[in-house]
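Novice: First the structure, then my questions, so here it is.
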Amino acid sequence: MKFSQMVRKYAGAYKKYLLLCPAAMIGEVAMETTIPLMTANLIKYAIPHSQETGDVSQVLLYGGLMVLMAIASMGFGMLGSFLSSKGAFGFGRNLRQALFEKVQHFSFKNIDHFSTASLVTRLTTDVNQVQNTLMMLIRMAVRSPIMFIMALVMALNLQPALVTVLAVAVPILITAIVIIMRLAFPRFQMMMKKYDALNSSVQENLIAIRVVKAFVRANHEKEKFSFSVDDVTATQRAAEKIVLWNGPLMTILMNACVVAVLWLGGHRIVDGNMAFGDLTAFITYIMQILMALMMLSFLFISFVLSRASVSRISQVLEEQPEITSPEKAVETVRDGSIVFDHVDFSYQGDPDNLVLTDINLSIRSGETIGVIGGTGSAKTTLVSLIPRLYEVTRGRLLVGGQDVRAYDIHALRDQVAMVLQKNVLFSGTIKENLRWGDENATDEEIAAACQAAAADEFVRSFPDGYETDLGQGGVNVSGGQKQRLCIARALLKKPKIMILDDATSAVDTATDARIRQALRTQMPDTTKIIIAQRITSVMDADRILVLDEGRVVDFGTHDELMRRSEIYREVYSSQQKGVA
């Protein structure tokens, strides 16, 4: 997507400010280019007249007009600044909103493609760069060309012969700007990638700050961050070195033009071909012409900076979500039955590099299914396919008798509650977090869900109870408390399918048993899938699935697996010995 297309698409209601700003700029330029003409007339006519007659009325007239024009110019400039800020910041607001909404539709695979840190940079730094460029563009892209044309016309009317000075300066300036743009663009692209790496380092450190302190690795993290900062600084310096040539070059050209005009104009005054007032006005017009060109050069440089940001933003906006709802999507999940029909899965979509291979399972609605397997056996991957967080590579996955690809995504996911290994709570109170499960849940329903999740007792022990502020990420509660709150939040959804992915690993065995008993008695019609490392957490399930390296090794009751599954017996024996 090009910059102009992006502005047209996301300016929205702020487009009127972007369109009105150029009119204000035209008014400002008209006043600025008329003032030197007033100055020339003041010097040529009003002052000599007052010296001859003693009448200063013309001096006062020209002086008064110049003051009024200066005030009008200032007024138009302030109005232009207001309109450009209003329009550009409004565009930035709409663009951020569009980016955020786009990310919300991404599948896990789409997010993995960009990385979280890169998406944060694109939503902040890149959008700021584009919006600032737009603010400069709608002012300078109108003001500078009009200033150049009007000042050039005025200069030609005064002394056409002296305008030839610009014929030498302008081509030099344009050539320099093109070279600077070509050299700077790839460097600024690299700089934005370094920003991504820097944000990733900051994000990782802040999320894992407790681990950093526990292992006394603060110095190591400081060194790593310092390396990232130095990397960004070096890349930025390399880019800015190119851009910085623009300023000195413009200064040299401006001074050279002024010297040339003074030299040639002085000779014309001596020869009687030019009035001193005209030379004064002509120098002002030359300065205005060169300043207009300077502003255009800075605008081009800014546009170079924004090109990298526009490209990165466009990549997000044009990314096609891997998982979408079909036309005439099924809106209702009939029940919690689940069928894996020869399902293969690969994160890269490569059938030769499978994470799950030929999964065949049939789970009845309302069953409690335990899942065990070693690290890397793809337990979490298996359950992530059920709400269609990832797309099946080959085969079919049925929920409620329908292929998951036939459902409206929101309808499907609304009926699947997941409590993941990494329990996530958000800034706000306990009650606000729990209402993620059901925004209309009553206080009684919230308390009942917390009782079932063995969370009500510790919540009420807090001075503010359910109004306790959790802080960012739930920093004010322990790991076990966080798990129980996440289970309560899932219970409030009243889903057809509930997935607990090692969700009770941080609670004691007695609390674990209480939670499982509550799930059995309070959610008899809900299919429950429990991934656990402790075999005691799943041995009373209706059936237990044993996974190994992405394959189903066995599937049956505890007694059946004890008879026929060597892997299950080994896990059971090792854990029972540990208990003994």
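Following the order of the structure tokens, first chain is A, next is B, and so on, with residues numbered from 1 inside each chain and ligands from 1 in the order they appear.
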Env of Ile172 (chain A): 10 Å cut, atoms = only C-alpha atoms, seq-sep filter 4 positions within chain, self excluded. Answer as number ranges by chain.
Specialist: A: 166-168, 176-177, 249-250, 253
Novice: Would you mind writing down, as a list in words, each residue of region 299-384 of chain A that DSSP on the backbone assigns to strand (DSSP E)?
Specialist: Ile338, Val339, Phe340, Asp341, His342, Val343, Asp344, Phe345, Leu356, Thr357, Asp358, Ile359, Asn360, Leu361, Ser362, Ile363, Thr368, Ile369, Gly370, Val371, Ile372 and Gly373 of chain A
Novice: Kindly save the residues from that selection, with C-alpha atoms included, as an mmCIF file, in the first residue's frame.
Specialist:
data_model
loop_
_atom_site.group_PDB
_atom_site.id
_atom_site.type_symbol
_atom_site.label_atom_id
_atom_site.label_comp_id
_atom_site.auth_asym_id
_atom_site.auth_seq_id
_atom_site.Cartn_x
_atom_site.Cartn_y
_atom_site.Cartn_z
ATOM 1 C CA ILE A 338 -14.838 -34.108 19.151
ATOM 2 C CA VAL A 339 -13.551 -36.274 16.293
ATOM 3 C CA PHE A 340 -9.987 -36.243 14.937
ATOM 4 C CA ASP A 341 -10.122 -37.939 11.531
ATOM 5 C CA HIS A 342 -6.586 -38.756 10.300
ATOM 6 C CA VAL A 343 -5.341 -35.321 11.373
ATOM 7 C CA ASP A 344 -1.813 -34.189 10.558
ATOM 8 C CA PHE A 345 -0.392 -30.844 11.613
ATOM 9 C CA LEU A 356 1.087 -34.294 14.889
ATOM 10 C CA THR A 357 0.781 -37.399 12.748
ATOM 11 C CA ASP A 358 -2.362 -39.344 11.806
ATOM 12 C CA ILE A 359 -4.415 -38.497 14.907
ATOM 13 C CA ASN A 360 -7.614 -40.550 15.101
ATOM 14 C CA LEU A 361 -9.805 -39.897 18.133
ATOM 15 C CA SER A 362 -13.494 -39.902 18.928
ATOM 16 C CA ILE A 363 -14.591 -38.102 22.115
ATOM 17 C CA THR A 368 -13.653 -36.169 30.754
ATOM 18 C CA ILE A 369 -10.476 -36.905 28.810
ATOM 19 C CA GLY A 370 -7.026 -36.927 30.359
ATOM 20 C CA VAL A 371 -3.943 -36.269 28.215
ATOM 21 C CA ILE A 372 -0.427 -37.250 29.239
ATOM 22 C CA GLY A 373 2.853 -37.357 27.382
#
Novice: Residues near region 452-462 of chain A, anyone? I mean within 8 Å using only C-alpha atoms, not counting same-chain ones fewer than 4 positions away, as a PyMOL selection string.
Specialist: chain A and resi 447-448+466+468+481+484-485+487-488+511+514-515+518-519
Novice: Could you write those residues out with N, CA and C atoms, as a JSON list (two decimals), in the first residue's frame?
Specialist:
[["chain", "number", "residue", "atom", "x", "y", "z"],
["A", 447, "ALA", "N", -19.08, -15.59, 42.24],
["A", 447, "ALA", "CA", -18.70, -16.27, 43.48],
["A", 447, "ALA", "C", -18.82, -17.79, 43.33],
["A", 448, "ALA", "N", -19.87, -18.27, 42.64],
["A", 448, "ALA", "CA", -20.07, -19.71, 42.44],
["A", 448, "ALA", "C", -18.94, -20.30, 41.60],
["A", 466, "TYR", "N", -13.40, -9.08, 45.80],
["A", 466, "TYR", "CA", -13.44, -9.19, 44.34],
["A", 466, "TYR", "C", -13.11, -7.87, 43.64],
["A", 468, "THR", "N", -10.37, -6.27, 44.35],
["A", 468, "THR", "CA", -8.91, -6.15, 44.47],
["A", 468, "THR", "C", -8.29, -5.92, 43.10],
["A", 481, "GLN", "N", -2.86, -19.13, 42.73],
["A", 481, "GLN", "CA", -4.05, -18.29, 42.77],
["A", 481, "GLN", "C", -4.43, -17.82, 41.37],
["A", 484, "ARG", "N", -6.20, -20.64, 39.54],
["A", 484, "ARG", "CA", -7.59, -20.84, 39.96],
["A", 484, "ARG", "C", -8.51, -19.74, 39.46],
["A", 485, "LEU", "N", -8.02, -18.52, 39.40],
["A", 485, "LEU", "CA", -8.82, -17.43, 38.83],
["A", 485, "LEU", "C", -9.08, -17.66, 37.34],
["A", 487, "ILE", "N", -9.26, -20.58, 35.88],
["A", 487, "ILE", "CA", -10.25, -21.66, 35.78],
["A", 487, "ILE", "C", -11.65, -21.11, 36.04],
["A", 488, "ALA", "N", -11.78, -20.25, 37.05],
["A", 488, "ALA", "CA", -13.09, -19.64, 37.34],
["A", 488, "ALA", "C", -13.57, -18.81, 36.15],
["A", 511, "THR", "N", -6.36, -29.52, 46.50],
["A", 511, "THR", "CA", -7.10, -28.49, 45.76],
["A", 511, "THR", "C", -7.38, -28.96, 44.34],
["A", 514, "ARG", "N", -10.35, -31.16, 44.45],
["A", 514, "ARG", "CA", -11.58, -30.38, 44.65],
["A", 514, "ARG", "C", -12.06, -29.76, 43.35],
["A", 515, "ILE", "N", -11.11, -29.24, 42.57],
["A", 515, "ILE", "CA", -11.47, -28.60, 41.30],
["A", 515, "ILE", "C", -12.04, -29.64, 40.34],
["A", 518, "ALA", "N", -15.54, -30.59, 41.31],
["A", 518, "ALA", "CA", -16.49, -29.54, 40.95],
["A", 518, "ALA", "C", -16.80, -29.55, 39.46],
["A", 519, "LEU", "N", -15.79, -29.81, 38.64],
["A", 519, "LEU", "CA", -16.01, -29.88, 37.20],
["A", 519, "LEU", "C", -16.95, -31.03, 36.84]]
Novice: Report as a VMD selection string all protein, DNA and RNA residues lying within 12 Å of Gly366 (chain A), evaluated on only C-alpha atoms, omitting residues in the same chain fewer than 5 positions from it.
Specialist: chain A and resid 335 to 338 400 495 to 498 519 to 529 541 to 543
Novice: Pick from A:Ala11, A:Met140, A:Leu389, A:Ile242: nearest to Ile180 (chain A), with only C-alpha atoms counted?
Specialist: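 For Ile180 (chain A), the nearest of the candidates is A:Ile242.
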Novice: At a cut-off of 12 Å, using only C-alpha atoms, what residues contact Met190 (chain A)? Leave out same-chain residues fewer than 3 positions from it and give the result as a list in words.
Specialist: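 Near Met190 (chain A), the qualifying residues are Ala184, Phe185, Pro186, Arg187, Lys193, Lys194, Tyr195, Asp196, Ala197, Asp231, Val232, Thr233, Ala234, Thr235, Gln236, Arg237, Ala238, Ala239, Leu305, Ala308, Ser309 and Arg312 of chain A.
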Novice: Skipping near chain neighbours, those fewer than 6 positions away, what residues fall within 12 Å of region 38-51 of chain A using only C-alpha atoms, listed as a VMD selection string?
Specialist: chain A and resid 31 to 32 57 to 70 154 to 155 158 274 to 285
Novice: With C-alpha atoms retained, write the just-selected residues as a PDB file, in the first residue's frame.
Specialist:
ATOM      1  CA  MET A  31       1.141  37.483   2.706  1.00  0.00           C
ATOM      2  CA  GLU A  32       4.820  36.536   2.969  1.00  0.00           C
ATOM      3  CA  SER A  57       1.841  59.415   5.570  1.00  0.00           C
ATOM      4  CA  GLN A  58       3.061  57.047   2.824  1.00  0.00           C
ATOM      5  CA  VAL A  59       5.707  55.597   5.145  1.00  0.00           C
ATOM      6  CA  LEU A  60       3.023  54.951   7.742  1.00  0.00           C
ATOM      7  CA  LEU A  61       0.713  53.486   5.102  1.00  0.00           C
ATOM      8  CA  TYR A  62       3.272  51.015   3.779  1.00  0.00           C
ATOM      9  CA  GLY A  63       4.461  50.236   7.321  1.00  0.00           C
ATOM     10  CA  GLY A  64       0.889  49.646   8.493  1.00  0.00           C
ATOM     11  CA  LEU A  65       0.157  47.364   5.531  1.00  0.00           C
ATOM     12  CA  MET A  66       3.317  45.361   6.249  1.00  0.00           C
ATOM     13  CA  VAL A  67       2.322  44.945   9.909  1.00  0.00           C
ATOM     14  CA  LEU A  68      -1.189  43.805   8.930  1.00  0.00           C
ATOM     15  CA  MET A  69       0.256  41.357   6.394  1.00  0.00           C
ATOM     16  CA  ALA A  70       2.653  39.960   9.010  1.00  0.00           C
ATOM     17  CA  MET A 154       7.947  38.337  -8.080  1.00  0.00           C
ATOM     18  CA  ALA A 155      11.693  38.040  -8.655  1.00  0.00           C
ATOM     19  CA  LEU A 158      11.798  42.795 -10.538  1.00  0.00           C
ATOM     20  CA  MET A 274      18.382  48.610 -10.717  1.00  0.00           C
ATOM     21  CA  ALA A 275      17.056  50.445  -7.649  1.00  0.00           C
ATOM     22  CA  PHE A 276      18.410  49.670  -4.177  1.00  0.00           C
ATOM     23  CA  GLY A 277      14.879  48.839  -2.954  1.00  0.00           C
ATOM     24  CA  ASP A 278      14.498  46.312  -5.770  1.00  0.00           C
ATOM     25  CA  LEU A 279      17.785  44.628  -4.739  1.00  0.00           C
ATOM     26  CA  THR A 280      16.571  44.371  -1.134  1.00  0.00           C
ATOM     27  CA  ALA A 281      13.283  42.803  -2.252  1.00  0.00           C
ATOM     28  CA  PHE A 282      15.074  40.546  -4.764  1.00  0.00           C
ATOM     29  CA  ILE A 283      17.397  39.147  -2.072  1.00  0.00           C
ATOM     30  CA  THR A 284      14.354  38.422   0.092  1.00  0.00           C
ATOM     31  CA  TYR A 285      12.676  36.585  -2.793  1.00  0.00           C
TER      32      TYR A 285
END
Novice: Would you mind listing what lies within 12 Å of Lys493 (chain A) as a PyMOL selection string, with only C-alpha atoms counted and same-chain residues fewer than 5 positions away left out?
Specialist: chain A and resi 413-419+434-441+445-446+449+486-488+498+523+526
Novice: What is the distance, in Å and to one decimal place, between CA of Pro145 (chain A) and CA of Ile289 (chain A)?
Specialist: 9.0 Å
